[in-house]
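**Student:** Sharing a structure here in C-alpha cells format.
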Amino acid sequence: MCGLYGFLNYSGSKIGNLSALTNSLAKQAAVRGTDATGIAYNDKSKIIIQKDAKSAYQINLNHPDNTVCVTGHTRYATQGNKKQNYNNHPFGGSCENLRFALCHNGILNNDNELKKEYQLPKTKIETDSYVAVQLLEKKKLLDFDSVKFMAETIVGSFAFSILESDNNLWLVRGDSPLSLVHLPNYELYIYASTDEILYKALVDTKLFQEIKTGNFEEIKIHSGDIIKILSNGKIMSDKFNYNEYLGGRKWWEYDMSGDYDTYVDELKYVASYQEYSGEDVDELLEQGFTTEEIEEYLYCCE
C-alpha cells in the first residue's frame, strides 16, 4: 500500500507556493506509506527527482512555483530495501521521444518472469515496480500503445502516474484507487490515491474555497483507464484490458493454509489487494481478532 499524489498546472502563470500544496499532499498520503517519500518535476525540460528513505512528515519537498507538473509517491516497502534510495519512487526512464518518471501503487507478481521473457537489462533496483519502466523503455516510445502494452503485460495490483519531460501526465489505473479533481478557475488538476487524501490536503490551502463553493470537477478514473493530461490542460484517454490477479489467481482463491506465521504473511499479502497494510493486520491481531475473522472480513470487502 503506497500513496500517489501530484498536480498539473496549465495556467501558464504562478499560482503561488505550490510547494505547500505538494507537501500537504505528501503528508496526507503518508497514511499509505512512511518508508520513503519522493517527487519528480521538470525544470527547463529536465526531469528532477527528489526522494529519500524518510516519511513525508520528516522532509520538506521543494520545487519552483512555476512548476507545471509534479508526480509524487509515499512508499510502504514490500520489495527492495528502502535504505537503498534507488529502490524508492519515482523511477526515471527514457524512450526515444522523451524522458519520464514513474510512480506505482500496488504489488506486481510477475516482474521476475517478465525480466526473463523480454530479456530486460539487469539493474541494481530490486523494487518490483521498476519492471514497468523497463517495459515502457522496451517499446522505445511513450504513447498509448506502449502504456497499454505495459498495463496488460504486468500481473498484480496497480495504479501508475507517469510524468513526461514535456510536462504531460499519465494516470493509469488497475484496481488500486486513484482520485482526480479539476479546479477550472485555477487551471489546475490535482490527484491522489484516495478522495480522503486529496480533500484533506486541500483543507488548509486557499484552493479549498473552490471545493466549498462547488467550483471543481471530479474526474472518475475506473479500472482499465489510461488518462493523459496534456501540459495545456487537455485530456486524452484510452482503455486497456485489466484482470485482477493474486499470484495468478483471484485473491479470494488464495490458499490460506500452513502454519500460523505463514497464514499471517498470506493474510498481509491478500490485505494489500484491499488497500490495507501489514501493520493494519498486526493491529487487528493485537486487538484480539483471530486470523479467521480477519480473513472473513477481507472476503467481505471484495
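Residue numbering restarts at 1 in every chain; chains get A, B, ... in the order shown in the C-alpha cells, and ligands count up from 1 in that same order.
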Excluding Leu284 (chain A) and any residue of its chain fewer than 2 positions from it, enumerate the residues within 12 Å of it, using only C-alpha atoms, and give them as JSON, numbers by chain.

**Tutor:** {"A": [264, 267, 268, 271, 276, 277, 278, 279, 280, 281, 282, 286, 287, 288, 289, 290, 291, 292, 293, 294, 295, 297]}

**Student:** Can you pull out every residue within 6 Å of region 151-162 of chain A, counting only C-alpha atoms, but drop anything in the same chain fewer than 2 positions away, and send it as a ChimeraX atom specification?

**Tutor:** /A:101-110,148-149,169-176,245

**Student:** What would the file look like if the residues just selected were written as a PDB file, in the first residue's frame with N, CA and C atoms?

**Tutor:**
```
ATOM      1  N   ALA A 101       9.317   9.964 -15.596  1.00  0.00           N
ATOM      2  CA  ALA A 101       9.431   9.477 -14.221  1.00  0.00           C
ATOM      3  C   ALA A 101       8.146   8.749 -13.889  1.00  0.00           C
ATOM      4  N   LEU A 102       8.271   7.604 -13.225  1.00  0.00           N
ATOM      5  CA  LEU A 102       7.112   6.736 -12.958  1.00  0.00           C
ATOM      6  C   LEU A 102       6.986   6.441 -11.468  1.00  0.00           C
ATOM      7  N   CYS A 103       5.736   6.461 -10.976  1.00  0.00           N
ATOM      8  CA  CYS A 103       5.410   6.044  -9.612  1.00  0.00           C
ATOM      9  C   CYS A 103       4.355   4.951  -9.678  1.00  0.00           C
ATOM     10  N   HIS A 104       4.380   4.040  -8.712  1.00  0.00           N
ATOM     11  CA  HIS A 104       3.474   2.894  -8.711  1.00  0.00           C
ATOM     12  C   HIS A 104       2.915   2.669  -7.314  1.00  0.00           C
ATOM     13  N   ASN A 105       1.626   2.402  -7.248  1.00  0.00           N
ATOM     14  CA  ASN A 105       0.987   1.934  -6.022  1.00  0.00           C
ATOM     15  C   ASN A 105       0.441   0.543  -6.285  1.00  0.00           C
ATOM     16  N   GLY A 106       0.901  -0.439  -5.505  1.00  0.00           N
ATOM     17  CA  GLY A 106       0.419  -1.795  -5.664  1.00  0.00           C
ATOM     18  C   GLY A 106       1.548  -2.807  -5.559  1.00  0.00           C
ATOM     19  N   ILE A 107       1.253  -4.025  -5.990  1.00  0.00           N
ATOM     20  CA  ILE A 107       2.239  -5.109  -5.963  1.00  0.00           C
ATOM     21  C   ILE A 107       2.204  -5.823  -7.305  1.00  0.00           C
ATOM     22  N   LEU A 108       3.361  -6.008  -7.922  1.00  0.00           N
ATOM     23  CA  LEU A 108       3.452  -6.752  -9.174  1.00  0.00           C
ATOM     24  C   LEU A 108       3.982  -8.149  -8.880  1.00  0.00           C
ATOM     25  N   ASN A 109       3.331  -9.146  -9.458  1.00  0.00           N
ATOM     26  CA  ASN A 109       3.655 -10.532  -9.143  1.00  0.00           C
ATOM     27  C   ASN A 109       4.554 -11.216 -10.168  1.00  0.00           C
ATOM     28  N   ASN A 110       4.666 -10.664 -11.359  1.00  0.00           N
ATOM     29  CA  ASN A 110       5.391 -11.370 -12.414  1.00  0.00           C
ATOM     30  C   ASN A 110       6.598 -10.603 -12.930  1.00  0.00           C
ATOM     31  N   LYS A 148      -0.425   0.850 -22.836  1.00  0.00           N
ATOM     32  CA  LYS A 148      -1.367  -0.263 -22.844  1.00  0.00           C
ATOM     33  C   LYS A 148      -0.618  -1.597 -22.781  1.00  0.00           C
ATOM     34  N   PHE A 149       0.469  -1.711 -23.531  1.00  0.00           N
ATOM     35  CA  PHE A 149       1.299  -2.923 -23.502  1.00  0.00           C
ATOM     36  C   PHE A 149       1.803  -3.191 -22.086  1.00  0.00           C
ATOM     37  N   LEU A 169       1.115  14.368 -18.290  1.00  0.00           N
ATOM     38  CA  LEU A 169       0.958  13.469 -17.147  1.00  0.00           C
ATOM     39  C   LEU A 169       0.038  12.316 -17.518  1.00  0.00           C
ATOM     40  N   TRP A 170       0.504  11.084 -17.252  1.00  0.00           N
ATOM     41  CA  TRP A 170      -0.303   9.890 -17.457  1.00  0.00           C
ATOM     42  C   TRP A 170      -0.779   9.366 -16.105  1.00  0.00           C
ATOM     43  N   LEU A 171      -2.044   8.944 -16.032  1.00  0.00           N
ATOM     44  CA  LEU A 171      -2.589   8.256 -14.869  1.00  0.00           C
ATOM     45  C   LEU A 171      -3.204   6.956 -15.372  1.00  0.00           C
ATOM     46  N   VAL A 172      -2.746   5.842 -14.798  1.00  0.00           N
ATOM     47  CA  VAL A 172      -3.156   4.514 -15.266  1.00  0.00           C
ATOM     48  C   VAL A 172      -3.682   3.744 -14.067  1.00  0.00           C
ATOM     49  N   ARG A 173      -4.906   3.233 -14.176  1.00  0.00           N
ATOM     50  CA  ARG A 173      -5.488   2.555 -13.021  1.00  0.00           C
ATOM     51  C   ARG A 173      -5.833   1.096 -13.311  1.00  0.00           C
ATOM     52  N   GLY A 174      -5.276   0.205 -12.467  1.00  0.00           N
ATOM     53  CA  GLY A 174      -5.731  -1.172 -12.425  1.00  0.00           C
ATOM     54  C   GLY A 174      -6.819  -1.245 -11.378  1.00  0.00           C
ATOM     55  N   ASP A 175      -6.549  -1.922 -10.223  1.00  0.00           N
ATOM     56  CA  ASP A 175      -7.548  -1.935  -9.157  1.00  0.00           C
ATOM     57  C   ASP A 175      -7.147  -1.094  -7.959  1.00  0.00           C
ATOM     58  N   SER A 176      -5.962  -0.499  -7.973  1.00  0.00           N
ATOM     59  CA  SER A 176      -5.593   0.410  -6.889  1.00  0.00           C
ATOM     60  C   SER A 176      -6.335   1.737  -7.070  1.00  0.00           C
ATOM     61  N   TYR A 245      -5.602  -9.991 -10.337  1.00  0.00           N
ATOM     62  CA  TYR A 245      -4.865 -11.200 -10.040  1.00  0.00           C
ATOM     63  C   TYR A 245      -4.301 -11.175  -8.628  1.00  0.00           C
TER      64      TYR A 245
END
```

**Student:** Mind listing the strand (DSSP E or B) residues of region 61-298 of chain A, per DSSP on the backbone, as a PDB file with N, CA and C atoms, in the first residue's frame?

**Tutor:**
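Generated output (selection16.pdb):
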```pdb
ATOM      1  N   CYS A  69       4.052  20.477 -13.539  1.00  0.00           N
ATOM      2  CA  CYS A  69       3.520  19.188 -13.107  1.00  0.00           C
ATOM      3  C   CYS A  69       4.434  18.539 -12.076  1.00  0.00           C
ATOM      4  N   VAL A  70       3.838  17.928 -11.079  1.00  0.00           N
ATOM      5  CA  VAL A  70       4.557  17.158 -10.062  1.00  0.00           C
ATOM      6  C   VAL A  70       3.892  15.801  -9.943  1.00  0.00           C
ATOM      7  N   THR A  71       4.698  14.754  -9.901  1.00  0.00           N
ATOM      8  CA  THR A  71       4.187  13.441  -9.552  1.00  0.00           C
ATOM      9  C   THR A  71       4.928  12.957  -8.318  1.00  0.00           C
ATOM     10  N   GLY A  72       4.184  12.464  -7.320  1.00  0.00           N
ATOM     11  CA  GLY A  72       4.799  12.109  -6.042  1.00  0.00           C
ATOM     12  C   GLY A  72       4.378  10.744  -5.549  1.00  0.00           C
ATOM     13  N   HIS A  73       5.112  10.264  -4.528  1.00  0.00           N
ATOM     14  CA  HIS A  73       4.909   8.908  -4.025  1.00  0.00           C
ATOM     15  C   HIS A  73       5.295   8.837  -2.557  1.00  0.00           C
ATOM     16  N   THR A  74       4.479   8.165  -1.758  1.00  0.00           N
ATOM     17  CA  THR A  74       4.863   7.768  -0.408  1.00  0.00           C
ATOM     18  C   THR A  74       4.878   6.256  -0.384  1.00  0.00           C
ATOM     19  N   ARG A  75       5.945   5.677   0.151  1.00  0.00           N
ATOM     20  CA  ARG A  75       6.181   4.247  -0.033  1.00  0.00           C
ATOM     21  C   ARG A  75       5.946   3.424   1.228  1.00  0.00           C
ATOM     22  N   PHE A  91      10.818   6.521 -10.280  1.00  0.00           N
ATOM     23  CA  PHE A  91      11.896   5.929 -11.056  1.00  0.00           C
ATOM     24  C   PHE A  91      12.006   6.655 -12.395  1.00  0.00           C
ATOM     25  N   GLY A  92      13.229   6.960 -12.786  1.00  0.00           N
ATOM     26  CA  GLY A  92      13.444   7.613 -14.068  1.00  0.00           C
ATOM     27  C   GLY A  92      13.535   6.601 -15.192  1.00  0.00           C
ATOM     28  N   GLY A  93      13.099   7.012 -16.382  1.00  0.00           N
ATOM     29  CA  GLY A  93      13.185   6.172 -17.565  1.00  0.00           C
ATOM     30  C   GLY A  93      13.383   7.030 -18.802  1.00  0.00           C
ATOM     31  N   SER A  94      13.654   6.360 -19.923  1.00  0.00           N
ATOM     32  CA  SER A  94      13.931   7.095 -21.148  1.00  0.00           C
ATOM     33  C   SER A  94      13.424   6.321 -22.355  1.00  0.00           C
ATOM     34  N   ARG A  99      12.153  11.675 -21.911  1.00  0.00           N
ATOM     35  CA  ARG A  99      12.430  11.040 -20.626  1.00  0.00           C
ATOM     36  C   ARG A  99      11.154  11.079 -19.790  1.00  0.00           C
ATOM     37  N   PHE A 100      11.109  10.231 -18.761  1.00  0.00           N
ATOM     38  CA  PHE A 100       9.909  10.195 -17.934  1.00  0.00           C
ATOM     39  C   PHE A 100      10.260   9.737 -16.525  1.00  0.00           C
ATOM     40  N   ALA A 101       9.317   9.964 -15.596  1.00  0.00           N
ATOM     41  CA  ALA A 101       9.431   9.477 -14.221  1.00  0.00           C
ATOM     42  C   ALA A 101       8.146   8.749 -13.889  1.00  0.00           C
ATOM     43  N   LEU A 102       8.271   7.604 -13.225  1.00  0.00           N
ATOM     44  CA  LEU A 102       7.112   6.736 -12.958  1.00  0.00           C
ATOM     45  C   LEU A 102       6.986   6.441 -11.468  1.00  0.00           C
ATOM     46  N   CYS A 103       5.736   6.461 -10.976  1.00  0.00           N
ATOM     47  CA  CYS A 103       5.410   6.044  -9.612  1.00  0.00           C
ATOM     48  C   CYS A 103       4.355   4.951  -9.678  1.00  0.00           C
ATOM     49  N   HIS A 104       4.380   4.040  -8.712  1.00  0.00           N
ATOM     50  CA  HIS A 104       3.474   2.894  -8.711  1.00  0.00           C
ATOM     51  C   HIS A 104       2.915   2.669  -7.314  1.00  0.00           C
ATOM     52  N   ASN A 105       1.626   2.402  -7.248  1.00  0.00           N
ATOM     53  CA  ASN A 105       0.987   1.934  -6.022  1.00  0.00           C
ATOM     54  C   ASN A 105       0.441   0.543  -6.285  1.00  0.00           C
ATOM     55  N   GLY A 106       0.901  -0.439  -5.505  1.00  0.00           N
ATOM     56  CA  GLY A 106       0.419  -1.795  -5.664  1.00  0.00           C
ATOM     57  C   GLY A 106       1.548  -2.807  -5.559  1.00  0.00           C
ATOM     58  N   ILE A 107       1.253  -4.025  -5.990  1.00  0.00           N
ATOM     59  CA  ILE A 107       2.239  -5.109  -5.963  1.00  0.00           C
ATOM     60  C   ILE A 107       2.204  -5.823  -7.305  1.00  0.00           C
ATOM     61  N   LEU A 108       3.361  -6.008  -7.922  1.00  0.00           N
ATOM     62  CA  LEU A 108       3.452  -6.752  -9.174  1.00  0.00           C
ATOM     63  C   LEU A 108       3.982  -8.149  -8.880  1.00  0.00           C
ATOM     64  N   GLY A 156      -0.806  -8.118 -11.356  1.00  0.00           N
ATOM     65  CA  GLY A 156      -0.794  -7.643  -9.986  1.00  0.00           C
ATOM     66  C   GLY A 156      -1.787  -6.527  -9.767  1.00  0.00           C
ATOM     67  N   SER A 157      -1.582  -5.819  -8.689  1.00  0.00           N
ATOM     68  CA  SER A 157      -2.433  -4.696  -8.306  1.00  0.00           C
ATOM     69  C   SER A 157      -1.666  -3.414  -8.583  1.00  0.00           C
ATOM     70  N   PHE A 158      -2.319  -2.428  -9.228  1.00  0.00           N
ATOM     71  CA  PHE A 158      -1.537  -1.236  -9.572  1.00  0.00           C
ATOM     72  C   PHE A 158      -2.382  -0.017  -9.905  1.00  0.00           C
ATOM     73  N   ALA A 159      -1.760   1.126  -9.673  1.00  0.00           N
ATOM     74  CA  ALA A 159      -2.093   2.405 -10.287  1.00  0.00           C
ATOM     75  C   ALA A 159      -0.743   3.065 -10.546  1.00  0.00           C
ATOM     76  N   PHE A 160      -0.615   3.734 -11.691  1.00  0.00           N
ATOM     77  CA  PHE A 160       0.638   4.385 -12.059  1.00  0.00           C
ATOM     78  C   PHE A 160       0.405   5.864 -12.344  1.00  0.00           C
ATOM     79  N   SER A 161       1.410   6.665 -12.036  1.00  0.00           N
ATOM     80  CA  SER A 161       1.500   8.026 -12.553  1.00  0.00           C
ATOM     81  C   SER A 161       2.820   8.130 -13.300  1.00  0.00           C
ATOM     82  N   ILE A 162       2.776   8.779 -14.459  1.00  0.00           N
ATOM     83  CA  ILE A 162       3.967   8.904 -15.301  1.00  0.00           C
ATOM     84  C   ILE A 162       4.076  10.350 -15.765  1.00  0.00           C
ATOM     85  N   LEU A 163       5.176  10.974 -15.438  1.00  0.00           N
ATOM     86  CA  LEU A 163       5.444  12.362 -15.840  1.00  0.00           C
ATOM     87  C   LEU A 163       6.417  12.375 -17.005  1.00  0.00           C
ATOM     88  N   GLU A 164       6.054  13.040 -18.097  1.00  0.00           N
ATOM     89  CA  GLU A 164       6.946  13.186 -19.249  1.00  0.00           C
ATOM     90  C   GLU A 164       7.806  14.440 -19.100  1.00  0.00           C
ATOM     91  N   LEU A 169       1.115  14.368 -18.290  1.00  0.00           N
ATOM     92  CA  LEU A 169       0.958  13.469 -17.147  1.00  0.00           C
ATOM     93  C   LEU A 169       0.038  12.316 -17.518  1.00  0.00           C
ATOM     94  N   TRP A 170       0.504  11.084 -17.252  1.00  0.00           N
ATOM     95  CA  TRP A 170      -0.303   9.890 -17.457  1.00  0.00           C
ATOM     96  C   TRP A 170      -0.779   9.366 -16.105  1.00  0.00           C
ATOM     97  N   LEU A 171      -2.044   8.944 -16.032  1.00  0.00           N
ATOM     98  CA  LEU A 171      -2.589   8.256 -14.869  1.00  0.00           C
ATOM     99  C   LEU A 171      -3.204   6.956 -15.372  1.00  0.00           C
ATOM    100  N   VAL A 172      -2.746   5.842 -14.798  1.00  0.00           N
ATOM    101  CA  VAL A 172      -3.156   4.514 -15.266  1.00  0.00           C
ATOM    102  C   VAL A 172      -3.682   3.744 -14.067  1.00  0.00           C
ATOM    103  N   ARG A 173      -4.906   3.233 -14.176  1.00  0.00           N
ATOM    104  CA  ARG A 173      -5.488   2.555 -13.021  1.00  0.00           C
ATOM    105  C   ARG A 173      -5.833   1.096 -13.311  1.00  0.00           C
ATOM    106  N   SER A 179      -7.816   9.149  -7.415  1.00  0.00           N
ATOM    107  CA  SER A 179      -8.808  10.227  -7.448  1.00  0.00           C
ATOM    108  C   SER A 179      -8.212  11.457  -8.127  1.00  0.00           C
ATOM    109  N   LEU A 180      -9.052  12.145  -8.907  1.00  0.00           N
ATOM    110  CA  LEU A 180      -8.590  13.289  -9.690  1.00  0.00           C
ATOM    111  C   LEU A 180      -9.664  14.377  -9.675  1.00  0.00           C
ATOM    112  N   VAL A 181      -9.247  15.620  -9.384  1.00  0.00           N
ATOM    113  CA  VAL A 181     -10.165  16.755  -9.466  1.00  0.00           C
ATOM    114  C   VAL A 181      -9.556  17.832 -10.354  1.00  0.00           C
ATOM    115  N   HIS A 182     -10.443  18.634 -10.933  1.00  0.00           N
ATOM    116  CA  HIS A 182     -10.052  19.750 -11.790  1.00  0.00           C
ATOM    117  C   HIS A 182     -10.613  21.031 -11.191  1.00  0.00           C
ATOM    118  N   LEU A 183      -9.736  22.018 -10.986  1.00  0.00           N
ATOM    119  CA  LEU A 183     -10.149  23.340 -10.495  1.00  0.00           C
ATOM    120  C   LEU A 183     -10.028  24.308 -11.668  1.00  0.00           C
ATOM    121  N   LEU A 188      -6.041  23.982 -12.900  1.00  0.00           N
ATOM    122  CA  LEU A 188      -5.216  23.091 -12.107  1.00  0.00           C
ATOM    123  C   LEU A 188      -5.909  21.738 -11.922  1.00  0.00           C
ATOM    124  N   TYR A 189      -5.167  20.671 -12.188  1.00  0.00           N
ATOM    125  CA  TYR A 189      -5.597  19.318 -11.859  1.00  0.00           C
ATOM    126  C   TYR A 189      -4.812  18.849 -10.632  1.00  0.00           C
ATOM    127  N   ILE A 190      -5.490  18.150  -9.731  1.00  0.00           N
ATOM    128  CA  ILE A 190      -4.842  17.602  -8.539  1.00  0.00           C
ATOM    129  C   ILE A 190      -5.291  16.158  -8.396  1.00  0.00           C
ATOM    130  N   TYR A 191      -4.347  15.273  -8.080  1.00  0.00           N
ATOM    131  CA  TYR A 191      -4.726  13.870  -7.918  1.00  0.00           C
ATOM    132  C   TYR A 191      -4.067  13.276  -6.683  1.00  0.00           C
ATOM    133  N   ALA A 192      -4.654  12.187  -6.194  1.00  0.00           N
ATOM    134  CA  ALA A 192      -4.114  11.444  -5.060  1.00  0.00           C
ATOM    135  C   ALA A 192      -4.715  10.038  -5.098  1.00  0.00           C
ATOM    136  N   GLU A 217     -14.409  19.972 -10.536  1.00  0.00           N
ATOM    137  CA  GLU A 217     -14.936  18.845 -11.291  1.00  0.00           C
ATOM    138  C   GLU A 217     -14.218  17.578 -10.858  1.00  0.00           C
ATOM    139  N   GLU A 218     -14.973  16.573 -10.451  1.00  0.00           N
ATOM    140  CA  GLU A 218     -14.397  15.264 -10.157  1.00  0.00           C
ATOM    141  C   GLU A 218     -14.301  14.474 -11.451  1.00  0.00           C
ATOM    142  N   ILE A 219     -13.135  13.958 -11.727  1.00  0.00           N
ATOM    143  CA  ILE A 219     -12.927  13.162 -12.936  1.00  0.00           C
ATOM    144  C   ILE A 219     -12.738  11.718 -12.508  1.00  0.00           C
ATOM    145  N   ASP A 225      -8.587   2.235 -17.100  1.00  0.00           N
ATOM    146  CA  ASP A 225      -8.492   3.556 -17.742  1.00  0.00           C
ATOM    147  C   ASP A 225      -7.046   4.017 -17.868  1.00  0.00           C
ATOM    148  N   ILE A 226      -6.754   4.640 -18.987  1.00  0.00           N
ATOM    149  CA  ILE A 226      -5.493   5.360 -19.202  1.00  0.00           C
ATOM    150  C   ILE A 226      -5.858   6.804 -19.485  1.00  0.00           C
ATOM    151  N   ILE A 227      -5.414   7.712 -18.641  1.00  0.00           N
ATOM    152  CA  ILE A 227      -5.690   9.142 -18.791  1.00  0.00           C
ATOM    153  C   ILE A 227      -4.373   9.863 -19.080  1.00  0.00           C
ATOM    154  N   LYS A 228      -4.379  10.684 -20.107  1.00  0.00           N
ATOM    155  CA  LYS A 228      -3.219  11.525 -20.391  1.00  0.00           C
ATOM    156  C   LYS A 228      -3.661  12.982 -20.337  1.00  0.00           C
ATOM    157  N   ILE A 229      -3.122  13.711 -19.367  1.00  0.00           N
ATOM    158  CA  ILE A 229      -3.414  15.134 -19.234  1.00  0.00           C
ATOM    159  C   ILE A 229      -2.260  15.901 -19.875  1.00  0.00           C
ATOM    160  N   ILE A 235      -7.354  16.718 -22.078  1.00  0.00           N
ATOM    161  CA  ILE A 235      -7.310  15.326 -21.632  1.00  0.00           C
ATOM    162  C   ILE A 235      -7.548  14.382 -22.804  1.00  0.00           C
ATOM    163  N   MET A 236      -6.699  13.366 -22.882  1.00  0.00           N
ATOM    164  CA  MET A 236      -6.881  12.270 -23.822  1.00  0.00           C
ATOM    165  C   MET A 236      -7.046  10.997 -22.995  1.00  0.00           C
ATOM    166  N   SER A 237      -7.746  10.007 -23.526  1.00  0.00           N
ATOM    167  CA  SER A 237      -7.965   8.790 -22.750  1.00  0.00           C
ATOM    168  C   SER A 237      -8.059   7.566 -23.647  1.00  0.00           C
ATOM    169  N   ASP A 238      -7.824   6.429 -23.037  1.00  0.00           N
ATOM    170  CA  ASP A 238      -7.941   5.138 -23.708  1.00  0.00           C
ATOM    171  C   ASP A 238      -8.193   4.099 -22.624  1.00  0.00           C
ATOM    172  N   LYS A 239      -8.372   2.857 -23.022  1.00  0.00           N
ATOM    173  CA  LYS A 239      -8.602   1.774 -22.072  1.00  0.00           C
ATOM    174  C   LYS A 239      -7.676   0.604 -22.372  1.00  0.00           C
ATOM    175  N   LEU A 246      -4.010 -12.359  -8.136  1.00  0.00           N
ATOM    176  CA  LEU A 246      -3.199 -12.528  -6.930  1.00  0.00           C
ATOM    177  C   LEU A 246      -2.358 -13.775  -7.149  1.00  0.00           C
ATOM    178  N   ARG A 249      -4.008 -15.901  -9.520  1.00  0.00           N
ATOM    179  CA  ARG A 249      -5.364 -16.297  -9.183  1.00  0.00           C
ATOM    180  C   ARG A 249      -6.114 -15.102  -8.628  1.00  0.00           C
TER     181      ARG A 249
END
```

**Student:** Please indicate the distance in Å from CA of Thr194 (chain A) to CA of Ala36 (chain A), rounded to one decimal place.

**Tutor:** 18.6 Å

**Student:** As a short mmCIF file (atom, residue, chain, number, x, y, z; two decimals) with N, CA and C atoms, in the first residue's frame, please: every residue in region 120-246 of chain A that a backbone DSSP assignment puts in alpha helix (DSSP H).

**Tutor:**
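Output saved as result-v2.cif:
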```cif
data_model
loop_
_atom_site.label_atom_id
_atom_site.label_comp_id
_atom_site.auth_asym_id
_atom_site.auth_seq_id
_atom_site.Cartn_x
_atom_site.Cartn_y
_atom_site.Cartn_z
N TYR A 130 9.82 -1.38 -10.86
CA TYR A 130 10.73 -0.89 -11.90
C TYR A 130 10.55 -1.62 -13.22
N VAL A 131 9.97 -2.81 -13.19
CA VAL A 131 9.76 -3.54 -14.44
C VAL A 131 8.81 -2.76 -15.36
N ALA A 132 7.92 -1.94 -14.79
CA ALA A 132 7.02 -1.12 -15.61
C ALA A 132 7.82 -0.10 -16.42
N VAL A 133 8.84 0.48 -15.79
CA VAL A 133 9.73 1.40 -16.51
C VAL A 133 10.42 0.67 -17.65
N GLN A 134 10.94 -0.51 -17.37
CA GLN A 134 11.67 -1.26 -18.38
C GLN A 134 10.78 -1.69 -19.54
N LEU A 135 9.53 -2.02 -19.26
CA LEU A 135 8.61 -2.40 -20.33
C LEU A 135 8.32 -1.21 -21.24
N LEU A 136 8.16 -0.03 -20.66
CA LEU A 136 7.95 1.17 -21.48
C LEU A 136 9.19 1.46 -22.32
N GLU A 137 10.36 1.32 -21.71
CA GLU A 137 11.60 1.54 -22.46
C GLU A 137 11.76 0.51 -23.58
N LYS A 138 11.28 -0.70 -23.34
CA LYS A 138 11.36 -1.76 -24.34
C LYS A 138 10.62 -1.37 -25.61
N LYS A 139 9.51 -0.65 -25.46
CA LYS A 139 8.71 -0.22 -26.62
C LYS A 139 9.29 1.01 -27.29
N PHE A 144 0.17 5.76 -26.17
CA PHE A 144 -0.92 4.92 -25.67
C PHE A 144 -0.66 3.44 -25.91
N ASP A 145 -0.05 3.12 -27.03
CA ASP A 145 0.23 1.71 -27.32
C ASP A 145 1.22 1.11 -26.32
N SER A 146 2.26 1.86 -25.98
CA SER A 146 3.27 1.33 -25.06
C SER A 146 2.74 1.25 -23.64
N VAL A 147 1.93 2.25 -23.23
CA VAL A 147 1.34 2.23 -21.89
C VAL A 147 0.35 1.07 -21.78
N LYS A 148 -0.42 0.85 -22.84
CA LYS A 148 -1.37 -0.26 -22.84
C LYS A 148 -0.62 -1.60 -22.78
N PHE A 149 0.47 -1.71 -23.53
CA PHE A 149 1.30 -2.92 -23.50
C PHE A 149 1.80 -3.19 -22.09
N MET A 150 2.32 -2.16 -21.43
CA MET A 150 2.83 -2.32 -20.07
C MET A 150 1.72 -2.75 -19.12
N ALA A 151 0.58 -2.08 -19.17
CA ALA A 151 -0.52 -2.34 -18.23
C ALA A 151 -1.12 -3.73 -18.43
N GLU A 152 -1.12 -4.22 -19.66
CA GLU A 152 -1.71 -5.53 -19.94
C GLU A 152 -0.72 -6.67 -19.77
N THR A 153 0.56 -6.34 -19.67
CA THR A 153 1.60 -7.37 -19.55
C THR A 153 1.89 -7.71 -18.09
N ASP A 195 -9.87 9.87 -2.32
CA ASP A 195 -10.58 11.14 -2.09
C ASP A 195 -10.17 11.75 -0.75
N GLU A 196 -10.06 10.90 0.27
CA GLU A 196 -9.74 11.39 1.61
C GLU A 196 -8.41 12.12 1.63
N ILE A 197 -7.39 11.53 1.02
CA ILE A 197 -6.08 12.18 0.96
C ILE A 197 -6.17 13.50 0.22
N LEU A 198 -6.85 13.48 -0.91
CA LEU A 198 -6.92 14.66 -1.76
C LEU A 198 -7.60 15.83 -1.05
N TYR A 199 -8.79 15.58 -0.50
CA TYR A 199 -9.55 16.68 0.10
C TYR A 199 -8.95 17.14 1.42
N LYS A 200 -8.39 16.23 2.21
CA LYS A 200 -7.72 16.64 3.44
C LYS A 200 -6.51 17.52 3.14
N ALA A 201 -5.82 17.22 2.04
CA ALA A 201 -4.65 18.02 1.66
C ALA A 201 -5.04 19.44 1.26
N LEU A 202 -6.25 19.59 0.73
CA LEU A 202 -6.69 20.90 0.25
C LEU A 202 -7.28 21.77 1.36
N VAL A 203 -7.68 21.16 2.47
CA VAL A 203 -8.40 21.89 3.52
C VAL A 203 -7.65 23.13 3.98
N PHE A 208 -9.13 25.22 -1.22
CA PHE A 208 -10.31 24.55 -0.66
C PHE A 208 -11.56 25.39 -0.84
N GLN A 209 -11.40 26.69 -1.02
CA GLN A 209 -12.55 27.55 -1.28
C GLN A 209 -13.28 27.11 -2.54
N GLU A 210 -12.52 26.62 -3.51
CA GLU A 210 -13.14 26.12 -4.74
C GLU A 210 -14.00 24.90 -4.47
N ILE A 211 -13.56 24.06 -3.54
CA ILE A 211 -14.33 22.88 -3.17
C ILE A 211 -15.60 23.30 -2.42
N LYS A 212 -15.46 24.23 -1.50
CA LYS A 212 -16.60 24.68 -0.69
C LYS A 212 -17.68 25.32 -1.55
#
```

**Student:** Nearest to Leu21 (chain A) among A:Tyr118, A:Tyr5, A:Tyr41, A:Tyr76, with distances taken over only C-alpha atoms: which residue is it?

**Tutor:** A:Tyr5

**Student:** Select, from A:Ile125, A:Leu114, A:Leu61, A:Leu207, the residue with the minimum atom-to-atom distance to Ile15 (chain A), counting only C-alpha atoms.

**Tutor:** A:Leu207

**Student:** What does the structure give for the distance between CA of Tyr10 (chain A) and CA of Val68 (chain A), in Å to one decimal?

**Tutor:**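 CA of Tyr10 (chain A) sits 6.4 Å away from CA of Val68 (chain A).
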
**Student:** What gap, in Å, lies between CA of Leu8 (chain A) and CA of Tyr86 (chain A)?

**Tutor:**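 Atom-to-atom, CA of Leu8 (chain A) to CA of Tyr86 (chain A), that is 25.3 Å.
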
**Student:** With only C-alpha atoms as the atoms that count, which of A:His89, A:Lys82, A:Lys116, A:Lys124 lies nearest to Gly38 (chain A)?

**Tutor:**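 Under the stated criterion, the closest residue is A:His89.
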